[in-house]
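S.K.: Quick one: the structure is below, questions incoming.
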There are 2 protein chains.
Amino acid sequence: MHPAQWIAAWVLLLHVWIESIGLWILEAVPVGGNISLDPFLFSIDTWNSYSRALHGSGRTLLPIETNLVDQVWGDQRPPPASSEIYSLPEEFTGSSWQEKVAGIRQQMEQHIRRPTAVLLSGLEETAWLFNLRGDDIPYNPVFYSYTLMTNTSISLFVDEQRLSAAARESLQAGCPGLLCVELQEYGQARAHLRQYVQGNVTVWLGTEYTTYGLYSVIPQEKLLEDSYSPVMLAKAVKNAKEQELLRAAHVRDAVAVIQYLLWLEKVVPQGQVDEFSAAEHINALRRAQGHNRGLSFQTISASGLNAALAHYSPSNESSRKLSVDEMYLSDTGGQYLDGTTDITRTVHWGVPTPLQKEAYTRVLMGNIDLSRLVFPPNTAGRVVESFARRALWDVGLNYGHGTGHGIGNFLSVHEWPVGFQSNNVPLAAGMFTSIEPGYYRDGEFGIRIEDIALVVEAQTKYQSGEKPFLTFEVVSLVPYDRNLIDLSLLSPEQIRYLNAYYETIRARVGPELQRQQLEEAYRWLQRNTEPFPLGSAATAATATLALRRQQLEEAYRWLQRNTEPFPLGSAATAATATLGVLALASLVSALLSGLQA
Amino acid sequence: MHPAQWIAAWVLLLHVWIESIGLWILEAVPVGGNISLDPFLFSIDTWNSYSRALHGSGRTLLPIETNLVDQVWGDQRPPPASSEIYSLPEEFTGSSWQEKVAGIRQQMEQHIRRPTAVLLSGLEETAWLFNLRGDDIPYNPVFYSYTLMTNTSISLFVDEQRLSAAARESLQAGCPGLLCVELQEYGQARAHLRQYVQGNVTVWLGTEYTTYGLYSVIPQEKLLEDSYSPVMLAKAVKNAKEQELLRAAHVRDAVAVIQYLLWLEKVVPQGQVDEFSAAEHINALRRAQGHNRGLSFQTISASGLNAALAHYSPSNESSRKLSVDEMYLSDTGGQYLDGTTDITRTVHWGVPTPLQKEAYTRVLMGNIDLSRLVFPPNTAGRVVESFARRALWDVGLNYGHGTGHGIGNFLSVHEWPVGFQSNNVPLAAGMFTSIEPGYYRDGEFGIRIEDIALVVEAQTKYQSGEKPFLTFEVVSLVPYDRNLIDLSLLSPEQIRYLNAYYETIRARVGPELQRQQLEEAYRWLQRNTEPFPLGSAATAATATLALRRQQLEEAYRWLQRNTEPFPLGSAATAATATLGVLALASLVSALLSGLQA
C-alpha cells in the first residue's frame with residue numbers, strides 16, 4: 001500500500017487533552033498490535049515512557065526508520081535550510097568556544113564514569129558551545145547540527161557550505177589539535193557515532209532530548225545517561241557577562257513595550273485597532289530597537305475571550321477589535337544579539353468588572369510572591385511554583401499551565417532545563433526563568449503577567465549551610481496596569497516589593513527612554529511607576545486597624561461627653577474649656593505613642 | 001568460607017549521609033564486581049534504582065537468596081512471632097472486610113488491563129483489608145502475612161495457629177464462595193504465586209514496597225505495576241467513620257499531652273526530671289487513656305542540644321536533665337483502638353534566647369501557613385510543603401527532613417503513601433498527614449512542631465473545576481508554647497487562624513478534661529488557649545500604621561499650635577477655646593473615618 005493511502009485515516013489530535021499518551025495507546029490499540037514511531041522524532045525519555053506504559057500489555061513499540069511523512073512529501077518537500085551560519089561577535093558571548101569546550105572536558109575527566117565523549121543533539125547545545133547562530137527554526141537562531149565532542153577530537157555535523165568564512169576560521173584556527181573542530185556532513189552523524197562506539201568508549205548524553213534513533217546505536221554498557229548533557233547544564237547557568245547582556249536586552253525591550261502600551265492607550269479608544277494590527281505594531285517597535293534580530297516567538301495579541309485560549313495568535317482574517325470594554329493580553333518577545341526576551345502584560349482601558357480586577361490582582365500577587373521568595377540553594381522549581389498560585393487558590397481559582405521556563409542569550413525563548421516543571425533542574429544562581437502566573441475564564445477573558453527573572457544570591461538575616469540562599473531579580477522592566485490592581489488585597493510587603501521594582505524600572509529604563517528621546521513614553525513611565533501608598537494595604541492591616549479604631553472611637557465618645565459646648569460669658573468656663581483642650585491634647589499624644597508601640 | 005567470617009569486614013553505614021546508594025556502590029565497588037542483595041529485603045523500586053545507577057558501569061546486581069545473616073544466626077535466631085492475631089471490634093472499623101474486598105474487586109474489573117489478582121505484601125495492607133491486628137512489629141499492630149486476592153478467591157498467607165477464634169470465624173464465614181478467605185502457610189506465598197502465574201493472569205502490585213524477590217517470579221507480561229496497590233490507596237482515604245475514630249483518639253491523646261505539659265511545668269523547676277523519666281511519664285499518661293494499646297513509636301524526649309539530633313531517644317543510662325534554661329522537645333504518639341497519634345511540642349520554661357524565640361515562631365508560622373493553605377484537588381504534597389518552610393527561608397533558615405507523613409487508624413504511625421515527599425500520592429479529602437516543620441541548631445537546640453491534619457474540602461469564594469478545593473483540619477489538639485511565640489512576627493491572618501484553632505481545642509478537649517475530672521489540666525488549657533490580641537501582629541501592619549501615625553503626628557502638631565493656653569479672664573477666650581475643642585472633635589472624627597476606609 002502506498003503510504004499516501006494512509007493519510008485519509010490520519011487523525012490530528014491537536015485539541016484533545018490526553019493525560020498520558022501511553023494510556024491513550026493502550027485504549028486505542030488492541031492487544032497484539034504494533035505501534036511504530038520514527039525514532040528520530042522521539043527523545044529517549046519519551047520513548048521509554050510509552051514503552052513503560054505498554055510494558056506487559058501485549059502491544060509492541062517498534063522503531064520505523066522510513067518516515068512515512070517523508071515519503072508522502074515526495075519531490076514536494078521544501079529544500080533544507082541554506083542560509084548562513086555565523087559566529088556571534090565576541091561582545092555578545094560570555095566566553096570563547098574554546099573555554100566552553102575546556103570546561104566540558106574537565107567535567108568529563110572528573111566524572112566517576114570517565115566518559116570519553118559527549119553527544120550533543122540539542123540544536124541550542126551546538127549553537128551555544130561554538131558561539132554560532134543560524135535561522136533554520138522560526139524565532140530560534142539555531143541551525144541543524146550534531147556535535148560529538150570526545151576527549152581528543154571535536155566533530156561538528158553540519159552543512160559546511162553554510163558556514164560564514166569567519167565561523168569556519170574560528171572553528172579551525174586550532175587545527176590540528178585538541179581544539180580543532182572537524183566539519184562533517186550532517187547526515188553522517190549516526191554512522192560516525194556507530195563507528196565511534198566500536199571502541200572502548202563511554203558516551204555521555206541527555207535522555208530528555210537525545211533521539212531514540214541516535215541512542216539505539218550505542219551499546220548499553222557504553223552509555224552514560226543523564227537527563228541533560230553537561231553542555232545543557234553549563235548553558236543554563238549564565239556567567240556574569242551573559243547576565244549583563246540579558247539585562248541590557250531587557251532594557252531596550254522594555255522601551256518597545258512601553259511605547260506599545262502608550263500607543264494602545266491612545267488608539268484603542270478610537271476603535272481603529274484590532275489584535276492583528278496591534279501585533280504588527282509591537283513587532284515593528286521591537287524590530288526598531290538596537291541589536292534586534294526579530295521576534296522570539298509568534299506574538300500573542302488577544303482581546304476579551306480570545307485571551308482565554310492558550311497560545312492564541314491572531315491572523316489578518318480573524319482578528320478581534322480592541323476595546324475599552326475588554327481586557328487585552330499581549331505575550332511578546334524579541335531576539336537581540338545580547339539576549340532573548342519574553343514578557344506578558346494584561347491591560348484594561350475602561351472599567352474592569354470586580355472579578356477581573358480581583359483575578360488580575362491575585363495573579364499579580366502570585367507573580368510578586370514567587371519573585372520575592374527566598375529559598376535554599378539546590379531547590380527545585382517544582383516545589384516553589386505554588387507560591388505563584390496561592391493568592392488565586394485562596395479564593396478557589398487556578399491556572400492550567402506551568403509557571404515558567406528558562407530563556408537563552410539570543411537562543412531559544414523556552415530554554416531547557418530551567419523552570420518550574422518536574423523535569424527541570426534545581427534553581428541555581430545565574431539561571432534565568434520566566435515567572436508567569438495567569439487566570440483564564442473560558443468565553444470571557446484571560447490574564448497573564450509574565451516577567452523574566454534572574455536567580456541571584458539573597459541577603460538573609462542568618463546563614464545556614466555553606467552556600468547562600470537564593471532569590472530572584474526581575475529583569476523585565478515594564479510596570480503593571482494600575483487600573484487593574486486592587487491595592488486593598490495586597491500586603492504591605494507586596495506593595496513595598498512593587499514600589500522597589502518600580503524604582504528599578506525608573507532607574508534603568510528612564511535613562512534609555514531619554515537617550516532615545518521618547519519624552520512622551522518617559523512621562524508615561526513616570527506616571528505608571530508612581531509609588532503605591534502603603535496605607536492602602538488593607539487586608540493585612542485591617543485587623544490591627546480595627547483595634548486602633550475601637551480605641552479611637554472610645555476616645556471620641558469621651559471627647560463628645562466632655563466637650564459639650566459651654567454657655568458663653570462665664571469666667572469659669574474659659575478655664576474649663578482650656579483644661580478640656582489640654583486633656584484632648586494628651587489623649588491624642590497617648591494615642592500616638594500607642595500607635596508607635 | 002563460613003559466612004560468620006564475613007562479619008569482621010562489615011561496616012554499618014548508619015551515620016553516614018549518602019546522597020545515592022547507587023552512586024556509593026559505584027565508588028565502593030571496582031569495575032567487574034558483583035553486588036549481592038537479598039531480594040526479599042528490597043522493594044522493586046529500590047532494586048531498580050540501584051540497577052539503573054550501575055547500568056553499563058561494569059558492576060552487576062545479583063539476587064542472593066541465601067541470606068547470610070540468617071545463616072549466621074544459626075540456632076540463636078529468635079523464634080518467629082506467636083502472639084494472637086485478632087479481629088478489630090466493629091465499632092473501630094470503617095467498613096467490613098467484605099465491603100473492602102468488593103471495592104478492590106470493582107477496581108480490578110474497571111481497570112483497562114483487567115488484572116485478575118492483587119498481591120499484597122505490605123503488612124498494613126493485609127491488616128487493614130481484613131480488619132485484623134497483631135503485634136509482630138514493635139509499635140505497629142500488624143502481623144507477618146501476604147495476601148493474594150484474585151477475582152474469584154482470597155488467599156491469606158499467615159500462621160493459622162495464631163488467629164483468634166473470632167478472627168478465623170470472620171474470615172471463613174463466607175466459605176466456600178467468592179468471599180471465603182483460604183488460610184495458607186506464610187512460607188508458601190512465593191510458591192503459590194509462582195503457581196498462580198502459570199495461568200492466563202495479570203497480577204497488580206505496588207512497586208514501592210513489594211519485594212524484588214516476589215516480583216521476580218511473575219513473568220513481565222503478567223504484571224500490572226503501579227507505585228501503590230489499590231488496597232494501599234483505598235486505605236489512605238479514610239471514610240467518614242474512620243475520620244471520626246481518628247478525631248476521637250486525638251481528643252484523648254491531647255488529654256495525656258496536656259497533663260504532661262502541666263506536669264513538666266511543675267516538676268522541671270525542681271530539677272528532678274530527666275529525659276528518660278519524662279518519657280516514662282508521658283508514656284504512662286498515654287497508656288491510662290481509654291482504648292490505648294501502647295505507643296506508636298519510641299518516645300523522643302530531648303533536652304537542649306539533644307533535640308538537634310534526629311530520632312534521638314533517651315536511655316536510662318544517658319539521660320539529660322530537663323532545665324528551665326533549655327528548650328525541650330517531645331515527639332510522642334499512641335496506639336488506640338480507634339486511631340494512631342503523633343504529636344511534637346517544643347517548650348521552654350525559662351527565658352529563651354532571641355534566636356530560639358524567632359526560630360520557634362517561624363517554625364510555628366510554617367506549621368500554620370501549610371495548615372491553612374487552600375489548594376486544588378489532586379495536588380501533590382511535594383509542591384505545597386514549601387509553605388511550611390517559607391517563614392524560615394525568609395531569614396536564611398531551613399530544616400533537613402520531610403514535612404509530613406500519613407498515619408493510620410490503629411496502624412502504622414508512618415503510613416504510606418500519604419505525605420509531602422516526591423513519592424507520595426496527591427492529596428485527597430479523607431487523607432490524614434502530619435505537618436511537622438522544625439529547626440535544628442547543632443550542639444545547641446532543636447525545635448519541631450508537629451500536628452496531624454485531615455484533608456478536607458475548603459469553602460472558597462469562587463469555584464473552578466468540578467471538585468471543590470481542599471484544605472487541612474488539624475486534629476491534634478494541644479496548644480503551643482506561648483513563652484516561645486514572638487507575636488510581632490505573625491500576620492493577622494496567622495493570629496486569627498491560631499485563635500480559631502485554640503477555640504476548637506477548648507471546645508473539643510475541654511469537655512473531655514472535665515469528664516475525666518482533670519480540673520487543673522482544664523484550667524491549664526484555658527490559660528494556654530487565651531486568644532492572642534490581633535493588635536500584636538506588628539509585621540504586617542507596621543507599614544500601614546507608620547502612615548497613620550504620620551497623619552496623627554501632623555494633627556498633633558496642629559493641635560499644639562492651635563491650643564496654646566489662653567490667658568484667663570477674657571470673654572472672647574471662652575468662645576475661642578470652645579471653637580478649638582469643636583475643631584479638635586471634628587479632627588478626631590475625620591481620623592476615625594480615615595481609619596475606617
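Chain lettering (A, B, ...) mirrors the order of the C-alpha cells, residue numbering begins at 1 for each chain separately, and ligand numbering begins at 1 in order of display.
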Quick one: everything within 6 Å of A:Gly430, counting only C-alpha atoms, minus sequence neighbours fewer than 3 positions away in the same chain. Send it as a ChimeraX atom specification.
M.R.: /A:237-238,455
S.K.: Env of A:Glu457: 8 Å cut, atoms = only C-alpha atoms, seq-sep filter 2 positions within chain, self excluded. Answer as an MDAnalysis selection string.
M.R.: chainID A and resid 429 455 459 468:471
S.K.: Applying 10 Å and only C-alpha atoms, which residues near stretch 105-121 of chain A remain after dropping the ones on its own chain fewer than 3 positions away? List them as JSON, numbers by chain.
M.R.: {"A": [99, 100, 101, 102, 124, 125, 126, 129, 144, 145, 146, 147, 148, 149, 150, 151, 152, 153, 154, 155, 156, 189, 193, 196, 197, 200, 201, 202, 203, 204, 205, 206, 209, 210, 211, 214, 215, 222, 223, 224, 228, 229, 230, 231, 232], "B": [23, 26, 27, 56, 57]}
S.K.: Quick one: pick out all alpha helix (DSSP H) residues within stretch 386-553 of chain A from a backbone DSSP run and write them as a short mmCIF file (atom, residue, chain, number, x, y, z; two decimals) with C-alpha atoms, in the first residue's frame.
M.R.:
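Writing the result to result_31.cif gives the following:
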data_model
loop_
_atom_site.label_atom_id
_atom_site.label_comp_id
_atom_site.auth_asym_id
_atom_site.auth_seq_id
_atom_site.Cartn_x
_atom_site.Cartn_y
_atom_site.Cartn_z
CA ARG A 390 -1.57 30.72 46.35
CA ALA A 391 -3.30 34.09 46.07
CA LEU A 392 -5.57 32.51 43.42
CA TRP A 393 -6.01 29.25 45.35
CA PRO A 492 2.39 45.84 52.82
CA GLU A 493 5.28 43.53 51.89
CA GLN A 494 3.85 43.10 48.39
CA ILE A 495 3.36 46.86 47.99
CA ARG A 496 6.87 47.53 49.23
CA TYR A 497 8.22 44.99 46.75
CA LEU A 498 6.23 46.60 43.94
CA ASN A 499 7.50 50.07 44.80
CA ALA A 500 11.10 48.86 44.87
CA TYR A 501 10.59 47.16 41.50
CA TYR A 502 9.15 50.38 40.05
CA GLU A 503 12.15 52.31 41.34
CA THR A 504 14.38 49.86 39.47
CA ILE A 505 12.33 50.31 36.31
CA ARG A 506 12.67 54.09 36.55
CA ALA A 507 16.39 53.89 37.19
CA ARG A 508 17.12 51.51 34.31
CA VAL A 509 14.54 52.25 31.63
CA GLY A 510 14.12 56.00 32.27
CA PRO A 511 17.60 56.94 31.00
CA GLU A 512 17.18 54.69 27.93
CA LEU A 513 13.86 56.36 27.06
CA GLN A 514 15.55 59.73 27.35
CA ARG A 515 18.52 58.58 25.30
CA GLU A 519 9.73 62.02 26.03
CA GLU A 520 6.07 61.03 25.97
CA ALA A 521 6.94 57.44 26.83
CA TYR A 522 9.22 58.74 29.59
CA ARG A 523 6.32 60.68 31.12
CA TRP A 524 4.09 57.60 30.75
CA LEU A 525 6.69 55.58 32.61
CA GLN A 526 6.90 58.14 35.42
CA ARG A 527 3.09 58.17 35.77
CA ASN A 528 2.86 54.40 35.77
CA ALA A 538 -5.96 46.88 53.75
CA THR A 539 -6.04 43.10 54.05
CA ALA A 540 -3.08 42.62 56.27
CA ALA A 541 -3.58 45.78 58.26
CA THR A 542 -7.35 45.78 58.66
CA ALA A 543 -7.36 43.62 61.74
CA THR A 544 -4.92 45.83 63.57
CA LEU A 545 -6.63 48.98 62.43
CA ALA A 546 -9.96 47.71 63.66
CA LEU A 547 -8.48 47.54 67.11
CA ARG A 548 -6.92 51.00 66.89
CA ARG A 549 -10.23 52.32 65.56
CA GLN A 550 -12.00 50.91 68.57
CA GLN A 551 -9.60 52.79 70.84
CA LEU A 552 -10.10 55.98 68.87
CA GLU A 553 -13.86 55.57 68.90
#
S.K.: I need the strand (DSSP E) residues of stretch 85-135 of chain A per DSSP on the backbone, written as a list in words.
M.R.: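 Selection result, strand (DSSP E) within stretch 85-135 of chain A: Tyr86, Ser87, Ala117, Val118, Leu119, Leu120, Leu132 and Arg133 of chain A.
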S.K.: What would the file look like if the residues just selected were written as a PDB file, in the first residue's frame with all heavy atoms?
M.R.:
ATOM      1  N   TYR A  86      26.587  31.805  11.243  1.00  0.00           N
ATOM      2  CA  TYR A  86      27.612  32.830  11.520  1.00  0.00           C
ATOM      3  C   TYR A  86      28.079  32.786  12.969  1.00  0.00           C
ATOM      4  O   TYR A  86      27.389  32.278  13.848  1.00  0.00           O
ATOM      5  CB  TYR A  86      27.060  34.216  11.173  1.00  0.00           C
ATOM      6  CG  TYR A  86      25.753  34.527  11.874  1.00  0.00           C
ATOM      7  CD1 TYR A  86      25.743  35.281  13.047  1.00  0.00           C
ATOM      8  CD2 TYR A  86      24.528  34.069  11.358  1.00  0.00           C
ATOM      9  CE1 TYR A  86      24.543  35.557  13.694  1.00  0.00           C
ATOM     10  CE2 TYR A  86      23.344  34.341  12.006  1.00  0.00           C
ATOM     11  CZ  TYR A  86      23.352  35.077  13.177  1.00  0.00           C
ATOM     12  OH  TYR A  86      22.180  35.334  13.822  1.00  0.00           O
ATOM     13  N   SER A  87      29.258  33.346  13.204  1.00  0.00           N
ATOM     14  CA  SER A  87      29.798  33.464  14.563  1.00  0.00           C
ATOM     15  C   SER A  87      29.208  34.697  15.226  1.00  0.00           C
ATOM     16  O   SER A  87      29.067  35.744  14.603  1.00  0.00           O
ATOM     17  CB  SER A  87      31.313  33.645  14.520  1.00  0.00           C
ATOM     18  OG  SER A  87      31.958  32.437  14.278  1.00  0.00           O
ATOM     19  N   ALA A 117      33.294  10.817  25.594  1.00  0.00           N
ATOM     20  CA  ALA A 117      32.678  11.726  24.617  1.00  0.00           C
ATOM     21  C   ALA A 117      31.351  12.256  25.145  1.00  0.00           C
ATOM     22  O   ALA A 117      30.704  11.612  25.974  1.00  0.00           O
ATOM     23  CB  ALA A 117      32.449  10.999  23.294  1.00  0.00           C
ATOM     24  N   VAL A 118      31.002  13.432  24.648  1.00  0.00           N
ATOM     25  CA  VAL A 118      29.674  13.986  24.906  1.00  0.00           C
ATOM     26  C   VAL A 118      28.978  14.123  23.562  1.00  0.00           C
ATOM     27  O   VAL A 118      29.574  14.622  22.597  1.00  0.00           O
ATOM     28  CB  VAL A 118      29.780  15.366  25.600  1.00  0.00           C
ATOM     29  CG1 VAL A 118      28.426  16.032  25.683  1.00  0.00           C
ATOM     30  CG2 VAL A 118      30.385  15.216  26.992  1.00  0.00           C
ATOM     31  N   LEU A 119      27.744  13.621  23.493  1.00  0.00           N
ATOM     32  CA  LEU A 119      26.979  13.716  22.248  1.00  0.00           C
ATOM     33  C   LEU A 119      25.958  14.843  22.390  1.00  0.00           C
ATOM     34  O   LEU A 119      25.141  14.832  23.322  1.00  0.00           O
ATOM     35  CB  LEU A 119      26.258  12.390  21.973  1.00  0.00           C
ATOM     36  CG  LEU A 119      25.305  12.381  20.771  1.00  0.00           C
ATOM     37  CD1 LEU A 119      26.079  12.573  19.464  1.00  0.00           C
ATOM     38  CD2 LEU A 119      24.493  11.084  20.730  1.00  0.00           C
ATOM     39  N   LEU A 120      26.009  15.809  21.475  1.00  0.00           N
ATOM     40  CA  LEU A 120      25.066  16.937  21.540  1.00  0.00           C
ATOM     41  C   LEU A 120      24.081  16.847  20.392  1.00  0.00           C
ATOM     42  O   LEU A 120      24.461  16.962  19.227  1.00  0.00           O
ATOM     43  CB  LEU A 120      25.837  18.263  21.445  1.00  0.00           C
ATOM     44  CG  LEU A 120      26.989  18.442  22.436  1.00  0.00           C
ATOM     45  CD1 LEU A 120      27.620  19.815  22.254  1.00  0.00           C
ATOM     46  CD2 LEU A 120      26.507  18.249  23.865  1.00  0.00           C
ATOM     47  N   LEU A 132      27.867  29.970  17.659  1.00  0.00           N
ATOM     48  CA  LEU A 132      27.374  30.093  16.280  1.00  0.00           C
ATOM     49  C   LEU A 132      25.870  30.314  16.296  1.00  0.00           C
ATOM     50  O   LEU A 132      25.183  29.871  17.214  1.00  0.00           O
ATOM     51  CB  LEU A 132      27.670  28.819  15.484  1.00  0.00           C
ATOM     52  CG  LEU A 132      29.140  28.433  15.255  1.00  0.00           C
ATOM     53  CD1 LEU A 132      29.221  27.099  14.511  1.00  0.00           C
ATOM     54  CD2 LEU A 132      29.858  29.538  14.466  1.00  0.00           C
ATOM     55  N   ARG A 133      25.353  30.970  15.273  1.00  0.00           N
ATOM     56  CA  ARG A 133      23.907  31.130  15.143  1.00  0.00           C
ATOM     57  C   ARG A 133      23.488  30.934  13.685  1.00  0.00           C
ATOM     58  O   ARG A 133      24.304  31.128  12.767  1.00  0.00           O
ATOM     59  CB  ARG A 133      23.456  32.533  15.593  1.00  0.00           C
ATOM     60  CG  ARG A 133      23.717  32.856  17.073  1.00  0.00           C
ATOM     61  CD  ARG A 133      22.895  31.973  18.019  1.00  0.00           C
ATOM     62  NE  ARG A 133      23.059  32.380  19.411  1.00  0.00           N
ATOM     63  CZ  ARG A 133      24.008  31.908  20.233  1.00  0.00           C
ATOM     64  NH1 ARG A 133      24.889  31.020  19.799  1.00  0.00           N
ATOM     65  NH2 ARG A 133      24.084  32.334  21.485  1.00  0.00           N
TER      66      ARG A 133
END
S.K.: Would you mind telling me which residue in A:Leu261, A:Val69, A:Val383, A:Val31 lies nearest to chain B when using only C-alpha atoms?
M.R.: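 Once distances to chain B are computed over only C-alpha atoms, the minimum belongs to A:Val383.
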S.K.: When you count only C-alpha atoms, which of these residues is closest to chain B: A:Tyr480, A:Tyr399, A:Phe432, A:Tyr360?
M.R.: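 Of all the options, A:Tyr399 lies closest to chain B.
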S.K.: When you look at B:Glu415 with a cut-off of 12 Å (counting only C-alpha atoms), what residues show up, excluding the ones that are within fewer than 6 positions of it in the same chain? I need them as a list in words.
M.R.: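 Selected residues are Gly122, Leu123, Glu124, Glu125, Trp128, Asn140, Met232, Leu233, Lys235, Ala236, Val237, Ser296, Thr340, Thr341, Asp342, Gly404, His405, Gly406, Ile407, Gly408, Asn409, Asn424, Val425, Met431, Phe432, Thr433 and Ser434 of chain B.
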S.K.: Need to verify the contact set: stretch 270-275 of chain A, 7 Å, only C-alpha atoms, exclusion of same-chain residues closer than 3 positions in sequence. Can you return it as a list of chain:residue names?
M.R.: A:Val267, A:Ala278, A:Ala279, A:Ser301, A:Ala302, A:Ser303, A:Pro314, A:Ser319, A:Arg320, A:Lys321, A:Leu322, A:Ser323
S.K.: Skipping near chain neighbours, those fewer than 3 positions away, what residues fall within 7 Å of B:Ser164 using only C-alpha atoms, listed as an NGL selection string?
M.R.: :B and (84-86 or 167-168)
S.K.: Keeping N, CA and C atoms, export the residues of the selection given above as a compact mmCIF listing (two decimals), in the first residue's frame.
M.R.:
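result.txt was written with the following content:
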# COMPACT_ATOMS: atom_id res chain seq x y z
N GLU B 84 -1.28 -13.63 69.49
CA GLU B 84 -2.57 -13.75 68.83
C GLU B 84 -2.78 -12.67 67.76
N ILE B 85 -3.40 -13.09 66.68
CA ILE B 85 -3.87 -12.17 65.65
C ILE B 85 -5.38 -12.10 65.83
N TYR B 86 -5.90 -10.86 65.97
CA TYR B 86 -7.31 -10.72 66.37
C TYR B 86 -8.08 -9.79 65.45
N ALA B 167 -11.47 -14.25 64.78
CA ALA B 167 -10.85 -13.84 63.52
C ALA B 167 -11.06 -14.92 62.46
N ARG B 168 -10.80 -16.17 62.84
CA ARG B 168 -10.96 -17.27 61.91
C ARG B 168 -12.41 -17.36 61.43
S.K.: Which one of B:Pro376, B:Pro79, B:Gly103, B:Pro138 sits closest to chain A if you count only C-alpha atoms?
M.R.: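 Nearest candidate to chain A out of B:Pro376, B:Pro79, B:Gly103, B:Pro138: B:Pro376.
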S.K.: If we count only C-alpha atoms and set the cut-off at 12 Å, which residues sit around B:Lys357, ignoring sequence neighbours fewer than 2 positions away in its own chain? Please answer as an MDAnalysis selection string.
M.R.: chainID B and resid 327 346:348 350:355 359:364 439 445:447 481:489
